[in-house]
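File shown here: data.pdb, holding PDB, C-alpha atoms, pLDDT in the B column.
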```pdb
MODEL        1
ATOM      1  CA  MET U   1       9.289  -2.274  -1.450  1.00 46.00           C
ATOM      2  CA  ARG U   2      11.020   0.908  -2.497  1.00 45.00           C
ATOM      3  CA  THR U   3       8.323   1.573  -5.055  1.00 47.00           C
ATOM      4  CA  TRP U   4       5.708   2.174  -2.418  1.00 48.00           C
ATOM      5  CA  LYS U   5       8.014   4.493  -0.566  1.00 41.00           C
ATOM      6  CA  LYS U   6       7.828   6.926  -3.484  1.00 43.00           C
ATOM      7  CA  SER U   7       4.875   9.268  -3.540  1.00 42.00           C
ATOM      8  CA  ALA U   8       2.356   8.409  -6.199  1.00 39.00           C
ATOM      9  CA  LEU U   9       2.001  12.113  -6.942  1.00 38.00           C
ATOM     10  CA  ALA U  10       4.100  13.684  -9.642  1.00 37.00           C
ATOM     11  CA  THR U  11       2.129  16.913  -9.704  1.00 35.00           C
ATOM     12  CA  VAL U  12       3.061  18.676  -6.477  1.00 32.00           C
ATOM     13  CA  GLY U  13       4.763  21.539  -8.284  1.00 33.00           C
ATOM     14  CA  LEU U  14       1.753  22.496 -10.383  1.00 32.00           C
ATOM     15  CA  VAL U  15       0.275  25.924  -9.861  1.00 29.00           C
ATOM     16  CA  LEU U  16      -3.513  25.733  -9.579  1.00 30.00           C
ATOM     17  CA  THR U  17      -5.034  27.757 -12.364  1.00 32.00           C
ATOM     18  CA  VAL U  18      -8.768  28.389 -12.386  1.00 32.00           C
ATOM     19  CA  LEU U  19     -10.286  29.074 -15.774  1.00 32.00           C
ATOM     20  CA  THR U  20     -13.846  29.921 -16.673  1.00 33.00           C
ATOM     21  CA  SER U  21     -16.084  28.066 -19.090  1.00 36.00           C
ATOM     22  CA  ALA U  22     -18.487  29.644 -21.535  1.00 34.00           C
ATOM     23  CA  CYS U  23     -21.246  29.200 -18.933  1.00 37.00           C
ATOM     24  CA  GLY U  24     -19.281  31.174 -16.379  1.00 38.00           C
ATOM     25  CA  GLN U  25     -18.465  28.148 -14.234  1.00 47.00           C
ATOM     26  CA  PRO U  26     -14.902  27.878 -12.893  1.00 52.00           C
ATOM     27  CA  GLN U  27     -12.847  25.113 -14.464  1.00 71.00           C
ATOM     28  CA  GLU U  28      -9.417  23.768 -13.637  1.00 83.00           C
ATOM     29  CA  PRO U  29      -6.929  22.109 -15.973  1.00 86.00           C
ATOM     30  CA  ALA U  30      -7.112  18.323 -16.069  1.00 89.00           C
ATOM     31  CA  ALA U  31      -3.761  17.830 -14.337  1.00 87.00           C
ATOM     32  CA  ASN U  32      -4.840  20.056 -11.445  1.00 90.00           C
ATOM     33  CA  GLN U  33      -8.053  18.113 -11.004  1.00 90.00           C
ATOM     34  CA  VAL U  34      -6.197  14.805 -10.982  1.00 91.00           C
ATOM     35  CA  ASN U  35      -3.647  16.240  -8.547  1.00 87.00           C
ATOM     36  CA  GLN U  36      -6.371  17.309  -6.112  1.00 87.00           C
ATOM     37  CA  PHE U  37      -8.095  13.937  -6.487  1.00 86.00           C
ATOM     38  CA  LEU U  38      -4.881  12.174  -5.490  1.00 87.00           C
ATOM     39  CA  LEU U  39      -4.102  14.219  -2.392  1.00 85.00           C
ATOM     40  CA  GLY U  40      -5.392  11.372  -0.216  1.00 77.00           C
ATOM     41  CA  ASP U  41      -2.876   9.088  -1.857  1.00 83.00           C
ATOM     42  CA  GLN U  42      -0.065  11.014  -0.183  1.00 83.00           C
ATOM     43  CA  GLU U  43      -1.353   9.980   3.236  1.00 88.00           C
ATOM     44  CA  MET U  44      -1.725   6.400   2.047  1.00 89.00           C
ATOM     45  CA  THR U  45       1.892   6.476   0.887  1.00 87.00           C
ATOM     46  CA  GLN U  46       2.964   7.574   4.371  1.00 90.00           C
ATOM     47  CA  ASN U  47       1.004   4.666   5.840  1.00 92.00           C
ATOM     48  CA  LEU U  48       2.808   2.269   3.539  1.00 93.00           C
ATOM     49  CA  LYS U  49       6.171   3.698   4.577  1.00 93.00           C
ATOM     50  CA  GLU U  50       5.304   3.074   8.224  1.00 95.00           C
ATOM     51  CA  LEU U  51       4.034  -0.393   7.353  1.00 95.00           C
ATOM     52  CA  ALA U  52       7.345  -1.181   5.662  1.00 93.00           C
ATOM     53  CA  ARG U  53       9.296   0.051   8.697  1.00 94.00           C
ATOM     54  CA  HIS U  54       7.340  -2.145  11.094  1.00 94.00           C
ATOM     55  CA  GLU U  55       7.681  -5.072   8.725  1.00 94.00           C
ATOM     56  CA  ARG U  56      11.467  -4.722   8.611  1.00 93.00           C
ATOM     57  CA  GLU U  57      11.670  -4.555  12.386  1.00 93.00           C
ATOM     58  CA  GLU U  58       9.433  -7.560  12.847  1.00 92.00           C
ATOM     59  CA  MET U  59      11.441  -9.553  10.321  1.00 93.00           C
ATOM     60  CA  GLU U  60      14.514  -8.917  12.458  1.00 94.00           C
ATOM     61  CA  LEU U  61      12.571 -10.043  15.525  1.00 93.00           C
ATOM     62  CA  TYR U  62      11.401 -13.156  13.685  1.00 94.00           C
ATOM     63  CA  THR U  63      15.005 -14.120  12.951  1.00 93.00           C
ATOM     64  CA  SER U  64      15.961 -13.494  16.586  1.00 93.00           C
ATOM     65  CA  ILE U  65      13.021 -15.557  17.830  1.00 92.00           C
ATOM     66  CA  LEU U  66      13.916 -18.524  15.636  1.00 91.00           C
ATOM     67  CA  ASN U  67      17.591 -18.372  16.584  1.00 90.00           C
ATOM     68  CA  LYS U  68      16.870 -18.028  20.289  1.00 87.00           C
ATOM     69  CA  GLY U  69      14.166 -20.681  20.093  1.00 81.00           C
ATOM     70  CA  LYS U  70      16.741 -23.306  19.189  1.00 79.00           C
ATOM     71  CA  ASN U  71      17.798 -23.213  22.823  1.00 78.00           C
ATOM     72  CA  LYS U  72      15.180 -25.018  24.930  1.00 69.00           C
ATOM     73  CA  ASN U  73      15.925 -22.860  27.950  1.00 63.00           C
ATOM     74  CA  SER U  74      15.450 -19.562  26.127  1.00 71.00           C
ATOM     75  CA  ASP U  75      12.833 -17.095  27.339  1.00 80.00           C
ATOM     76  CA  LEU U  76      11.093 -15.802  24.228  1.00 88.00           C
ATOM     77  CA  GLU U  77       8.246 -13.944  25.911  1.00 90.00           C
ATOM     78  CA  SER U  78       9.696 -10.427  25.609  1.00 92.00           C
ATOM     79  CA  LEU U  79      10.580 -10.923  21.947  1.00 93.00           C
ATOM     80  CA  LEU U  80       7.148 -12.393  21.224  1.00 94.00           C
ATOM     81  CA  ASP U  81       5.490  -9.461  22.990  1.00 94.00           C
ATOM     82  CA  GLU U  82       7.459  -7.037  20.845  1.00 94.00           C
ATOM     83  CA  ALA U  83       6.627  -8.941  17.672  1.00 94.00           C
ATOM     84  CA  GLU U  84       2.916  -8.881  18.480  1.00 93.00           C
ATOM     85  CA  VAL U  85       3.034  -5.127  18.994  1.00 94.00           C
ATOM     86  CA  HIS U  86       4.402  -4.820  15.464  1.00 94.00           C
ATOM     87  CA  ILE U  87       1.681  -7.114  14.127  1.00 96.00           C
ATOM     88  CA  ALA U  88      -1.032  -4.987  15.728  1.00 96.00           C
ATOM     89  CA  GLU U  89       0.514  -1.797  14.336  1.00 96.00           C
ATOM     90  CA  ARG U  90       0.817  -3.309  10.872  1.00 97.00           C
ATOM     91  CA  ARG U  91      -2.846  -4.343  10.929  1.00 97.00           C
ATOM     92  CA  LYS U  92      -3.828  -0.804  11.920  1.00 96.00           C
ATOM     93  CA  LEU U  93      -1.713   0.818   9.203  1.00 96.00           C
ATOM     94  CA  LEU U  94      -2.989  -1.606   6.578  1.00 96.00           C
ATOM     95  CA  LYS U  95      -6.590  -0.849   7.552  1.00 96.00           C
ATOM     96  CA  GLN U  96      -5.936   2.885   7.421  1.00 95.00           C
ATOM     97  CA  ALA U  97      -4.416   2.556   3.943  1.00 94.00           C
ATOM     98  CA  GLN U  98      -7.475   0.614   2.765  1.00 95.00           C
ATOM     99  CA  THR U  99      -9.797   3.285   4.176  1.00 94.00           C
ATOM    100  CA  LEU U 100      -7.869   6.094   2.481  1.00 92.00           C
ATOM    101  CA  LEU U 101      -7.910   4.192  -0.786  1.00 92.00           C
ATOM    102  CA  LYS U 102     -11.661   3.668  -0.586  1.00 91.00           C
ATOM    103  CA  GLN U 103     -12.264   7.346   0.146  1.00 91.00           C
ATOM    104  CA  THR U 104     -10.230   8.367  -2.900  1.00 90.00           C
ATOM    105  CA  GLN U 105     -11.853   5.763  -5.135  1.00 90.00           C
ATOM    106  CA  GLU U 106     -15.305   7.076  -4.247  1.00 91.00           C
ATOM    107  CA  GLN U 107     -14.367  10.384  -5.909  1.00 90.00           C
ATOM    108  CA  THR U 108     -13.330   8.773  -9.194  1.00 91.00           C
ATOM    109  CA  PRO U 109     -16.734   9.082 -10.963  1.00 93.00           C
ATOM    110  CA  VAL U 110     -16.974  12.760  -9.979  1.00 92.00           C
ATOM    111  CA  VAL U 111     -13.528  13.516 -11.395  1.00 92.00           C
ATOM    112  CA  ARG U 112     -14.219  11.576 -14.606  1.00 92.00           C
ATOM    113  CA  ASP U 113     -17.444  13.521 -15.132  1.00 91.00           C
ATOM    114  CA  SER U 114     -15.698  16.834 -14.455  1.00 91.00           C
ATOM    115  CA  LEU U 115     -12.966  16.005 -16.970  1.00 91.00           C
ATOM    116  CA  ARG U 116     -15.567  15.228 -19.621  1.00 89.00           C
ATOM    117  CA  ARG U 117     -17.074  18.680 -19.077  1.00 87.00           C
ATOM    118  CA  LEU U 118     -13.834  20.601 -19.636  1.00 85.00           C
ATOM    119  CA  SER U 119     -14.196  22.967 -22.562  1.00 80.00           C
ATOM    120  CA  PHE U 120     -10.620  24.163 -23.089  1.00 82.00           C
ATOM    121  CA  GLU U 121      -8.327  21.124 -22.812  1.00 82.00           C
ATOM    122  CA  LYS U 122      -6.820  19.355 -25.800  1.00 88.00           C
ATOM    123  CA  GLU U 123      -8.317  15.943 -26.516  1.00 90.00           C
ATOM    124  CA  GLU U 124      -4.993  14.179 -25.968  1.00 92.00           C
ATOM    125  CA  THR U 125      -4.612  15.827 -22.542  1.00 91.00           C
ATOM    126  CA  LEU U 126      -8.091  14.764 -21.488  1.00 92.00           C
ATOM    127  CA  ALA U 127      -7.413  11.255 -22.760  1.00 93.00           C
ATOM    128  CA  GLN U 128      -4.208  11.125 -20.705  1.00 94.00           C
ATOM    129  CA  ALA U 129      -6.060  12.337 -17.604  1.00 93.00           C
ATOM    130  CA  GLN U 130      -8.537   9.495 -18.023  1.00 94.00           C
ATOM    131  CA  THR U 131      -5.599   7.108 -18.464  1.00 95.00           C
ATOM    132  CA  VAL U 132      -4.191   8.262 -15.119  1.00 95.00           C
ATOM    133  CA  LEU U 133      -7.520   7.444 -13.473  1.00 95.00           C
ATOM    134  CA  ASP U 134      -7.577   4.050 -15.196  1.00 96.00           C
ATOM    135  CA  GLN U 135      -4.078   3.327 -13.918  1.00 95.00           C
ATOM    136  CA  TYR U 136      -5.066   4.474 -10.441  1.00 94.00           C
ATOM    137  CA  GLU U 137      -7.996   2.053 -10.398  1.00 95.00           C
ATOM    138  CA  ALA U 138      -5.759  -0.792 -11.617  1.00 96.00           C
ATOM    139  CA  ARG U 139      -3.290   0.069  -8.863  1.00 95.00           C
ATOM    140  CA  ALA U 140      -6.133   0.171  -6.311  1.00 95.00           C
ATOM    141  CA  GLN U 141      -7.224  -3.320  -7.321  1.00 96.00           C
ATOM    142  CA  ALA U 142      -3.648  -4.572  -7.036  1.00 96.00           C
ATOM    143  CA  PHE U 143      -3.438  -3.018  -3.582  1.00 96.00           C
ATOM    144  CA  GLU U 144      -6.589  -4.800  -2.414  1.00 96.00           C
ATOM    145  CA  GLU U 145      -5.043  -8.107  -3.479  1.00 97.00           C
ATOM    146  CA  PHE U 146      -1.855  -7.119  -1.691  1.00 97.00           C
ATOM    147  CA  ALA U 147      -3.779  -6.169   1.474  1.00 97.00           C
ATOM    148  CA  ALA U 148      -5.664  -9.487   1.539  1.00 98.00           C
ATOM    149  CA  SER U 149      -2.404 -11.416   1.184  1.00 98.00           C
ATOM    150  CA  TYR U 150      -0.778  -9.230   3.834  1.00 98.00           C
ATOM    151  CA  GLU U 151      -3.568 -10.053   6.301  1.00 98.00           C
ATOM    152  CA  GLN U 152      -3.016 -13.767   5.705  1.00 98.00           C
ATOM    153  CA  SER U 153       0.690 -13.318   6.385  1.00 97.00           C
ATOM    154  CA  LEU U 154      -0.062 -11.540   9.662  1.00 97.00           C
ATOM    155  CA  ASP U 155      -2.452 -14.347  10.611  1.00 97.00           C
ATOM    156  CA  ALA U 156       0.346 -16.850   9.980  1.00 97.00           C
ATOM    157  CA  ASP U 157       2.666 -14.793  12.212  1.00 96.00           C
ATOM    158  CA  GLU U 158       0.145 -14.831  15.043  1.00 96.00           C
ATOM    159  CA  VAL U 159      -0.441 -18.587  14.804  1.00 95.00           C
ATOM    160  CA  LEU U 160       3.294 -19.247  14.959  1.00 95.00           C
ATOM    161  CA  TYR U 161       3.962 -16.907  17.873  1.00 94.00           C
ATOM    162  CA  SER U 162       1.039 -18.281  19.880  1.00 93.00           C
ATOM    163  CA  LEU U 163       2.455 -21.802  19.522  1.00 92.00           C
ATOM    164  CA  MET U 164       5.817 -20.616  20.843  1.00 89.00           C
ATOM    165  CA  ARG U 165       4.361 -19.035  23.977  1.00 85.00           C
ATOM    166  CA  GLY U 166       4.398 -20.198  27.591  1.00 67.00           C
ATOM    167  CA  SER U 167       4.743 -23.944  27.238  1.00 67.00           C
ATOM    168  CA  ALA U 168       7.376 -26.039  28.972  1.00 62.00           C
ATOM    169  CA  GLU U 169       6.987 -28.652  26.237  1.00 73.00           C
ATOM    170  CA  PRO U 170       6.234 -26.807  22.977  1.00 77.00           C
ATOM    171  CA  ASN U 171       4.779 -28.875  20.152  1.00 86.00           C
ATOM    172  CA  LEU U 172       7.709 -28.825  17.729  1.00 88.00           C
ATOM    173  CA  VAL U 173       5.725 -30.539  14.966  1.00 92.00           C
ATOM    174  CA  LYS U 174       3.076 -27.807  15.045  1.00 94.00           C
ATOM    175  CA  ILE U 175       5.700 -25.070  15.280  1.00 93.00           C
ATOM    176  CA  LYS U 176       7.601 -26.404  12.261  1.00 94.00           C
ATOM    177  CA  ARG U 177       4.326 -26.616  10.339  1.00 96.00           C
ATOM    178  CA  ALA U 178       3.478 -23.039  11.334  1.00 96.00           C
ATOM    179  CA  ILE U 179       6.919 -21.828  10.227  1.00 96.00           C
ATOM    180  CA  ARG U 180       6.442 -23.530   6.883  1.00 97.00           C
ATOM    181  CA  GLU U 181       2.974 -22.010   6.454  1.00 97.00           C
ATOM    182  CA  ARG U 182       4.298 -18.563   7.386  1.00 96.00           C
ATOM    183  CA  ASN U 183       7.077 -18.833   4.816  1.00 96.00           C
ATOM    184  CA  ILE U 184       4.564 -19.870   2.152  1.00 97.00           C
ATOM    185  CA  GLN U 185       2.338 -16.883   2.936  1.00 97.00           C
ATOM    186  CA  TYR U 186       5.243 -14.434   2.760  1.00 97.00           C
ATOM    187  CA  ALA U 187       6.462 -15.941  -0.524  1.00 97.00           C
ATOM    188  CA  GLN U 188       2.988 -15.413  -1.989  1.00 98.00           C
ATOM    189  CA  LEU U 189       2.920 -11.894  -0.575  1.00 97.00           C
ATOM    190  CA  ALA U 190       6.236 -11.117  -2.275  1.00 96.00           C
ATOM    191  CA  GLU U 191       4.789 -12.065  -5.673  1.00 97.00           C
ATOM    192  CA  ILE U 192       1.649  -9.998  -5.148  1.00 97.00           C
ATOM    193  CA  ARG U 193       3.788  -7.096  -3.952  1.00 96.00           C
ATOM    194  CA  LYS U 194       5.680  -7.226  -7.268  1.00 96.00           C
ATOM    195  CA  GLN U 195       2.392  -6.746  -9.125  1.00 96.00           C
ATOM    196  CA  PHE U 196       1.426  -3.842  -6.899  1.00 95.00           C
ATOM    197  CA  ASN U 197       4.815  -2.227  -7.475  1.00 94.00           C
ATOM    198  CA  LYS U 198       4.414  -2.755 -11.217  1.00 96.00           C
ATOM    199  CA  GLN U 199       1.000  -1.062 -11.192  1.00 95.00           C
ATOM    200  CA  THR U 200       2.382   1.783  -9.081  1.00 93.00           C
ATOM    201  CA  LYS U 201       5.163   2.348 -11.603  1.00 95.00           C
ATOM    202  CA  ALA U 202       2.644   2.431 -14.476  1.00 96.00           C
ATOM    203  CA  PHE U 203       0.451   4.855 -12.553  1.00 94.00           C
ATOM    204  CA  ASN U 204       3.366   7.158 -11.717  1.00 92.00           C
ATOM    205  CA  GLY U 205       4.467   7.135 -15.352  1.00 95.00           C
ATOM    206  CA  ALA U 206       0.998   8.039 -16.630  1.00 95.00           C
ATOM    207  CA  ASN U 207       0.692  10.832 -14.084  1.00 92.00           C
ATOM    208  CA  ALA U 208       4.114  12.257 -14.934  1.00 93.00           C
ATOM    209  CA  LYS U 209       3.186  12.275 -18.627  1.00 94.00           C
ATOM    210  CA  LEU U 210      -0.009  14.206 -17.851  1.00 93.00           C
ATOM    211  CA  VAL U 211       1.995  16.853 -15.970  1.00 90.00           C
ATOM    212  CA  GLN U 212       4.413  17.211 -18.898  1.00 91.00           C
ATOM    213  CA  MET U 213       1.531  17.606 -21.355  1.00 90.00           C
ATOM    214  CA  GLU U 214      -0.101  20.261 -19.182  1.00 84.00           C
ATOM    215  CA  ARG U 215       3.116  22.218 -18.810  1.00 86.00           C
ATOM    216  CA  ALA U 216       3.795  22.066 -22.531  1.00 83.00           C
ATOM    217  CA  SER U 217       0.334  23.362 -23.466  1.00 72.00           C
TER     218      SER U 217
ENDMDL
END
```

As structure tokens, please, write out the structure in this file.
Amino acid sequence: MRTWKKSALATVGLVLTVLTSACGQPQEPAANQVNQFLLGDQEMTQNLKELARHEREEMELYTSILNKGKNKNSDLESLLDEAEVHIAERRKLLKQAQTLLKQTQEQTPVVRDSLRRLSFEKEETLAQAQTVLDQYEARAQAFEEFAASYEQSLDADEVLYSLMRGSAEPNLVKIKRAIRERNIQYAQLAEIRKQFNKQTKAFNGANAKLVQMERAS
């Protein structure tokens, strides 16, 4: 989870330098163009930080709910209300992250075309810039898989909490089944999260290399 807490941008310190092509059109170095393209990713990273915070808090609530639920006379309503607030907030943050990702992805063809038109960059720098975009798209695909799995985990949370609400004689068989299904969903999510973190690390590494190449040129 720490991996998504780190900003995907390694280029914040770059100074934007506008150069001019032979046709008189302004051109920017490849690293600057990639940096500007990824500005939306900063906001997505903030969303993921908030998502992680709500997830941690709900996990604590989940443990409290299960422990308190062992006592038949326990009133779980306030804890369940709080947990459902976290679920709603997590759904909202996840949706926002998906929207930001889509908006950034839509600019990918424009940036690729602009990079191909650069007249002053070294071939290896341009190739690295394209690699960064490739890694970004791989990371975006991994995130979509992560988001789909995350939604299923939230669905499992809601099913479980609804079964635990307002019944003098709760169906323990259904509740145990719902707990088992929830645990399965979160185990699957953990594996998919590992892949997303792996893609994020590869993306960050490619982007950092591009910045180094630009500074060395």

Completion exercise
Among U:Gln152, U:Asn207, U:Thr104, U:Gln130, U:Ile184 is approached most closely, using all atoms listed in the file, by U:Gln152

Box time for stretch 131-142 of chain U: axis-aligned, enclosing all its listed atoms, 4 Å extra on each side; report centre and edge lengths in Å to one decimal, as lines of an AutoDock Vina configuration file.
```
center_x = -5.6
center_y = 1.8
center_z = -12.4
size_x = 12.7
size_y = 20.8
size_z = 20.2
```

Exercise for the section: Take the point (-12.7, 18.8, -18.8) as written in the file and pick out every residue within 10 Å of it, counting all atoms listed in the file; give the list as a count of residues only. Expected result: 22

Practice task
Could you check how far atom CA of U:Lys174 sits from atom CA of U:Ala156, in Å to one decimal?
Solution key: 12.4 Å

Problem - Nearest to U:Ser149, chosen from U:Thr99, U:Asn171, U:Gln128, U:Gln185, with all atoms listed in the file counted in the distances - result: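 Closest to U:Ser149, using all atoms listed in the file: U:Gln185.
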
Exercise for the section: Check the smallest atom-to-atom distance from each of U:Lys209, U:Lys68, U:Arg56, U:Arg139 to U:Arg90 using all atoms listed in the file, then report the winner. Expected result: U:Arg56

Fill in the blank from the handout: Using only C-alpha atoms, the shortest atom-to-atom distance to U:Ala83 among U:Glu43, U:Glu158, U:Glu106, U:Glu50 belongs to U:Glu158

Problem - Neighbour list for U:Leu51 as a list in words, cut-off 9 Å, all atoms listed in the file, skip fewer than 6 positions in-chain - result: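 Once the nearby chain positions are removed, what remains is Glu89, Arg90, Arg91, Leu93 and Leu94 of chain U.
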
Practice task
Tell me which protein, DNA and RNA residues are within 10 Å of U:Glu57, counting all atoms listed in the file, leaving out same-chain ones fewer than 5 positions away, and put them as a list in words.
Solution key: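 Here the answer would be Ala52, Tyr62, Glu82, Ala83 and His86 of chain U.
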
Handout entry: the PyMOL selection byres ((chain U and resi 196) around 12) applied to the shown file, residues as a ChimeraX atom specification
Key = /U:1-4,135-147,149,189-195,197-203

Exercise for the section: Would you work out the distance separating atom CA of U:Ala208 from atom CA of U:Gln42, expressed in Å to one decimal? Expected result: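 Distance between the two atoms: 15.4 Å.
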
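Computed from the coordinates, the atom CA of U:Gly40 to atom CA of U:Glu55 distance equals 22.8 Å.
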
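Each of U:Asp75, U:Leu80, U:Leu210, U:Ser64 was compared to U:Ala127 using all atoms listed in the file, and U:Leu210 turns out to be the nearest.
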
Exercise for the section: Determine the nearest neighbour of U:Asn47 from the options U:Leu79, U:Gln96, U:Ala88, U:Leu66, counting all atoms listed in the file. Expected result: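 Smallest separation from U:Asn47 among the options: U:Gln96.
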